[in-house]
$ cat run27.txt   # compact mmCIF, C-alpha atoms
# COMPACT_ATOMS: atom_id res chain seq x y z
CA MET A 84 90.49 -4.38 62.21
CA ASN A 85 90.69 -3.49 65.90
CA TRP A 86 91.00 -0.03 67.38
CA SER A 87 94.79 0.02 67.78
CA GLU A 88 95.27 -0.79 64.10
CA ALA A 89 92.82 1.94 63.12
CA ILE A 90 94.66 4.51 65.27
CA SER A 91 98.02 3.41 63.85
CA ILE A 92 96.82 3.73 60.27
CA VAL A 93 95.39 7.19 60.93
CA LEU A 94 98.71 8.25 62.48
CA PHE A 95 100.69 6.79 59.55
CA VAL A 96 98.54 8.69 57.08
CA ALA A 97 98.98 11.92 59.08
CA GLY A 98 102.75 11.39 59.23
CA GLY A 99 102.80 10.58 55.51
CA ILE A 100 101.06 13.87 54.78
CA PHE A 101 103.80 15.74 56.66
CA PHE A 102 106.53 13.86 54.79
CA LEU A 103 104.79 14.65 51.50
CA ALA A 104 104.51 18.31 52.54
CA GLY A 105 108.23 18.30 53.32
CA THR A 106 109.12 16.81 49.94
CA VAL A 107 106.82 19.12 48.02
CA GLY A 108 108.20 22.07 49.99
CA ILE A 109 111.79 21.08 49.21
CA LEU A 110 110.87 20.95 45.53
CA ARG A 111 108.58 23.95 45.19
CA LEU A 112 109.65 26.68 47.63
CA PRO A 113 111.84 29.45 46.22
CA ASP A 114 114.99 29.64 48.38
CA VAL A 115 117.10 27.89 51.02
CA PHE A 116 115.44 29.48 54.02
CA THR A 117 111.88 28.68 53.00
CA ARG A 118 112.96 25.12 52.17
CA LEU A 119 114.49 24.89 55.64
CA HIS A 120 111.04 25.64 56.99
CA ALA A 121 109.45 22.84 54.95
CA LEU A 122 112.13 20.37 56.00
CA THR A 123 111.67 20.78 59.76
CA LYS A 124 107.97 19.93 59.54
CA ALA A 125 108.76 16.56 57.98
CA ASP A 126 111.61 15.92 60.40
CA ASN A 127 109.78 16.70 63.61
CA LEU A 128 106.11 16.00 63.11
CA GLY A 129 106.15 13.48 60.26
CA LEU A 130 108.59 11.17 61.99
CA GLY A 131 106.91 11.76 65.37
CA LEU A 132 103.50 10.67 64.08
CA VAL A 133 104.91 7.59 62.33
CA MET A 134 106.75 6.65 65.56
CA LEU A 135 103.58 7.11 67.61
CA GLY A 136 101.65 4.89 65.21
CA ALA A 137 104.36 2.23 65.37
CA ALA A 138 104.52 2.43 69.18
CA PHE A 139 101.01 0.91 69.44
CA HIS A 140 102.25 -2.35 67.92
CA MET A 141 105.57 -2.90 69.70
CA ASP A 142 105.96 -6.13 71.65
CA SER A 143 107.69 -4.69 74.69
CA TRP A 144 108.13 -1.35 76.41
CA GLN A 145 111.87 -1.42 75.67
CA ASN A 146 111.08 -1.04 71.99
CA VAL A 147 108.81 1.91 72.68
CA VAL A 148 111.64 3.57 74.62
CA LYS A 149 113.90 2.91 71.63
CA LEU A 150 111.40 4.65 69.36
CA VAL A 151 111.36 7.67 71.66
CA PHE A 152 115.18 7.77 71.63
CA ILE A 153 115.25 7.65 67.83
CA TRP A 154 112.81 10.52 67.67
CA ILE A 155 114.75 12.66 70.17
CA LEU A 156 117.98 11.96 68.25
CA VAL A 157 116.41 13.08 64.98
CA LEU A 158 114.99 16.19 66.68
CA VAL A 159 118.40 17.21 68.02
CA ALA A 160 120.18 16.36 64.76
CA SER A 161 117.70 18.20 62.56
CA ALA A 162 117.74 21.30 64.77
CA THR A 163 121.55 21.36 64.73
CA VAL A 164 121.93 20.74 61.01
CA SER A 165 119.17 23.19 60.05
CA HIS A 166 120.83 25.90 62.13
CA LEU A 167 124.25 25.21 60.60
CA ILE A 168 122.91 25.20 57.04
CA GLY A 169 120.86 28.36 57.55
CA ARG A 170 123.74 30.23 59.18
CA ASN A 171 126.23 29.18 56.50
CA ALA A 172 123.83 30.20 53.73
CA LEU A 173 123.44 33.61 55.36
CA MET A 174 127.19 34.01 55.86
CA GLN A 175 127.70 33.19 52.19
CA GLY A 176 125.49 36.14 51.38
CA GLN A 177 122.38 34.34 50.14
CA LYS A 178 119.47 36.74 50.36
CA PRO A 179 116.20 35.52 51.87
CA TRP A 180 113.46 35.40 49.27
CA GLU A 181 111.09 38.35 48.99
CA LYS A 182 107.83 38.46 47.10
CA ALA A 183 108.28 40.14 43.74
CA GLU A 184 106.30 43.36 43.42
CA MET B 127 96.56 -5.69 58.33
CA ILE B 128 99.08 -3.52 60.15
CA ALA B 129 101.84 -5.18 58.13
CA ASP B 130 100.13 -4.12 54.90
CA ALA B 131 99.75 -0.57 56.17
CA ALA B 132 103.44 -0.50 57.12
CA SER B 133 104.47 -1.78 53.68
CA ALA B 134 102.33 0.81 51.94
CA GLY B 135 103.73 3.56 54.18
CA ALA B 136 107.32 2.46 53.55
CA PHE B 137 106.73 2.45 49.81
CA PHE B 138 105.17 5.90 49.97
CA LEU B 139 108.19 7.26 51.86
CA LEU B 140 110.49 5.66 49.29
CA VAL B 141 108.64 7.54 46.54
CA ASN B 142 109.17 10.72 48.59
CA ILE B 143 112.92 10.10 48.63
CA GLY B 144 112.84 9.57 44.87
CA LEU B 145 111.12 12.91 44.37
CA GLY B 146 113.54 14.63 46.74
CA LEU B 147 116.45 13.45 44.57
CA VAL B 148 115.29 15.99 41.98
CA ARG B 149 116.32 18.76 44.39
CA VAL B 150 119.72 17.16 44.96
CA ALA B 151 120.26 17.01 41.19
CA ARG B 152 119.12 20.59 40.55
CA GLY B 153 120.76 22.36 43.47
CA PRO B 154 121.22 25.25 42.77
CA THR B 155 123.40 25.78 45.89
CA THR B 156 125.13 23.32 48.20
CA ALA B 157 122.71 24.35 50.96
CA ASP B 158 119.73 23.06 48.97
CA ARG B 159 121.42 19.71 48.38
CA LEU B 160 122.32 19.37 52.05
CA LEU B 161 118.72 20.11 53.05
CA ALA B 162 117.42 17.38 50.75
CA VAL B 163 119.99 14.92 52.16
CA GLN B 164 118.88 15.81 55.69
CA LEU B 165 115.30 14.97 54.69
CA PHE B 166 116.46 11.61 53.29
CA GLY B 167 118.04 10.72 56.64
CA THR B 168 114.77 11.28 58.48
CA THR B 169 112.71 9.50 55.83
CA GLY B 170 115.09 6.54 55.87
CA THR B 171 114.71 6.25 59.63
CA ALA B 172 110.91 6.25 59.29
CA ILE B 173 111.13 3.58 56.57
CA LEU B 174 113.22 1.34 58.85
CA VAL B 175 110.68 1.69 61.68
CA LEU B 176 107.85 0.78 59.32
CA LEU B 177 109.79 -2.22 58.00
CA SER B 178 110.38 -3.43 61.55
CA LEU B 179 106.62 -3.31 62.01
CA ARG B 180 106.01 -5.17 58.74
CA ASP B 181 108.47 -7.99 59.44
CA ASN B 182 107.71 -7.98 63.17
CA ALA B 183 111.48 -7.64 63.68
CA PRO B 184 112.37 -5.41 66.66
CA ASP B 185 116.06 -5.67 65.68
CA TYR B 186 115.45 -3.21 62.87
CA LEU B 187 114.92 -0.54 65.51
CA ASN B 188 118.62 -0.76 66.41
CA ILE B 189 119.44 -0.12 62.77
CA ALA B 190 117.05 2.84 62.76
CA LEU B 191 118.76 4.22 65.89
CA VAL B 192 122.21 3.99 64.29
CA PHE B 193 120.82 5.43 61.07
CA ALA B 194 119.39 8.46 62.89
CA LEU B 195 122.68 8.99 64.72
CA LEU B 196 124.79 8.73 61.57
CA ALA B 197 122.39 10.92 59.57
CA GLY B 198 122.85 13.67 62.17
CA ILE B 199 126.64 13.34 62.20
CA LEU B 200 126.71 13.25 58.39
CA GLY B 201 124.70 16.45 58.21
CA VAL B 202 127.03 18.27 60.60
CA VAL B 203 130.20 16.99 58.90
CA PHE B 204 129.00 17.85 55.38
CA THR B 205 127.92 21.31 56.49
CA ARG B 206 131.25 21.99 58.17
CA TYR B 207 133.09 20.73 55.08
CA TRP B 208 130.95 22.92 52.86
CA GLN B 209 131.67 25.91 55.10
CA TRP B 210 135.37 25.18 54.84
CA THR B 211 135.46 24.71 51.06
CA GLU B 212 133.21 27.59 50.02
CA ASN B 213 133.83 30.21 52.71
CA THR B 214 137.41 29.67 53.83
CA ALA B 215 138.79 27.61 50.95
CA PRO B 216 142.53 27.90 50.23
CA ALA B 217 141.76 30.08 47.19
CA LYS B 218 139.99 32.61 49.37
CA THR B 219 142.63 32.61 52.08
CA GLU B 220 145.15 33.13 49.29
CA ASP B 221 143.24 36.22 48.18
CA ARG B 222 143.08 37.48 51.73
CA ARG B 223 146.80 37.00 52.23
CA ARG B 224 147.49 38.98 49.08
CA GLU B 225 145.25 41.74 50.37
CA LEU B 226 147.20 41.85 53.61
CA GLU B 227 150.53 42.05 51.82

$ encode --input "run27.txt" --output "structure tokens"
Amino acid sequence: MNWSEAISIVLFVAGGIFFLAGTVGILRLPDVFTRLHALTKADNLGLGLVMLGAAFHMDSWQNVVKLVFIWILVLVASATVSHLIGRNALMQGQKPWEKAE
Amino acid sequence: MIADAASAGAFFLLVNIGLGLVRVARGPTTADRLLAVQLFGTTGTAILVLLSLRDNAPDYLNIALVFALLAGILGVVFTRYWQWTENTAPAKTEDRRRELE
């Protein structure tokens, strides 16, 4: 195993942890707004780390640019969709979760 | 070596999607389901990147790019549709018209 493979595997594991955190957050957190918070971690950082790990093993620089484009697209899309969902949930009158006394 | 790591990572992300389906099934609101679907879009993109690494097939990156684009559009469209059906649905506008009369 050479150094680039080692770095890639470490980055994949780190990204996997963020995806797992996102999934667990979606399942365990109490309301829409806290779940929104869990989701954005997986979207931004999880995918970013996996992309970075994959970028070490691409054949040409064009493919690395493609990876960057995919990541930027997902960033923009997730920010837009998260904002829309959060705003609609608020407009519907969903109350943000508060810790029970 | 890196191909094995990519396969393992892709499988792990697939398990994540499977777990996230629990949230889609349970709800309780449309916002929760949409959030889970948004997470699936990102996870699917990551899976495609990892598969391109496993098969050494750079073409998969094009698929991942289209997938990311469509996942974003799908999120926006579903959220707008949800906003229309649950906030300004014909039933509600009917009520409002009756109030005005």

$ interface_residues --input "run27.txt" --of "chain A" --to "chain B" --cutoff "9 Å" --atoms "all atoms listed in the file" --output "mmCIF file with C-alpha atoms, in the coordinates of the input"
data_model
loop_
_atom_site.group_PDB
_atom_site.id
_atom_site.type_symbol
_atom_site.label_atom_id
_atom_site.label_comp_id
_atom_site.auth_asym_id
_atom_site.auth_seq_id
_atom_site.Cartn_x
_atom_site.Cartn_y
_atom_site.Cartn_z
ATOM 1 C CA MET A 84 90.490 -4.380 62.210
ATOM 2 C CA GLU A 88 95.270 -0.790 64.100
ATOM 3 C CA ALA A 89 92.820 1.940 63.120
ATOM 4 C CA SER A 91 98.020 3.410 63.850
ATOM 5 C CA ILE A 92 96.820 3.730 60.270
ATOM 6 C CA PHE A 95 100.690 6.790 59.550
ATOM 7 C CA VAL A 96 98.540 8.690 57.080
ATOM 8 C CA GLY A 99 102.800 10.580 55.510
ATOM 9 C CA PHE A 102 106.530 13.860 54.790
ATOM 10 C CA LEU A 103 104.790 14.650 51.500
ATOM 11 C CA GLY A 105 108.230 18.300 53.320
ATOM 12 C CA THR A 106 109.120 16.810 49.940
ATOM 13 C CA VAL A 107 106.820 19.120 48.020
ATOM 14 C CA ILE A 109 111.790 21.080 49.210
ATOM 15 C CA LEU A 110 110.870 20.950 45.530
ATOM 16 C CA ASP A 114 114.990 29.640 48.380
ATOM 17 C CA VAL A 115 117.100 27.890 51.020
ATOM 18 C CA ARG A 118 112.960 25.120 52.170
ATOM 19 C CA LEU A 119 114.490 24.890 55.640
ATOM 20 C CA LEU A 122 112.130 20.370 56.000
ATOM 21 C CA THR A 123 111.670 20.780 59.760
ATOM 22 C CA ALA A 125 108.760 16.560 57.980
ATOM 23 C CA ASP A 126 111.610 15.920 60.400
ATOM 24 C CA ASN A 127 109.780 16.700 63.610
ATOM 25 C CA GLY A 129 106.150 13.480 60.260
ATOM 26 C CA LEU A 130 108.590 11.170 61.990
ATOM 27 C CA VAL A 133 104.910 7.590 62.330
ATOM 28 C CA MET A 134 106.750 6.650 65.560
ATOM 29 C CA ALA A 137 104.360 2.230 65.370
ATOM 30 C CA HIS A 140 102.250 -2.350 67.920
ATOM 31 C CA MET A 141 105.570 -2.900 69.700
ATOM 32 C CA ASP A 142 105.960 -6.130 71.650
ATOM 33 C CA ASN A 146 111.080 -1.040 71.990
ATOM 34 C CA LYS A 149 113.900 2.910 71.630
ATOM 35 C CA LEU A 150 111.400 4.650 69.360
ATOM 36 C CA PHE A 152 115.180 7.770 71.630
ATOM 37 C CA ILE A 153 115.250 7.650 67.830
ATOM 38 C CA TRP A 154 112.810 10.520 67.670
ATOM 39 C CA LEU A 156 117.980 11.960 68.250
ATOM 40 C CA VAL A 157 116.410 13.080 64.980
ATOM 41 C CA VAL A 159 118.400 17.210 68.020
ATOM 42 C CA ALA A 160 120.180 16.360 64.760
ATOM 43 C CA SER A 161 117.700 18.200 62.560
ATOM 44 C CA THR A 163 121.550 21.360 64.730
ATOM 45 C CA VAL A 164 121.930 20.740 61.010
ATOM 46 C CA SER A 165 119.170 23.190 60.050
ATOM 47 C CA LEU A 167 124.250 25.210 60.600
ATOM 48 C CA ILE A 168 122.910 25.200 57.040
ATOM 49 C CA GLY A 169 120.860 28.360 57.550
ATOM 50 C CA ASN A 171 126.230 29.180 56.500
ATOM 51 C CA ALA A 172 123.830 30.200 53.730
ATOM 52 C CA MET A 174 127.190 34.010 55.860
ATOM 53 C CA GLN A 175 127.700 33.190 52.190
#

$ atom_distance --input "run27.txt" --atom1 "CA of Gly131 in chain A" --atom2 "CA of Val151 in chain A"
8.7 Å

$ atom_distance --input "run27.txt" --atom1 "CA of Leu177 in chain B" --atom2 "CA of Leu94 in chain A"
15.9 Å

$ atom_distance --input "run27.txt" --atom1 "CA of Ser143 in chain A" --atom2 "CA of Leu174 in chain B"
17.8 Å
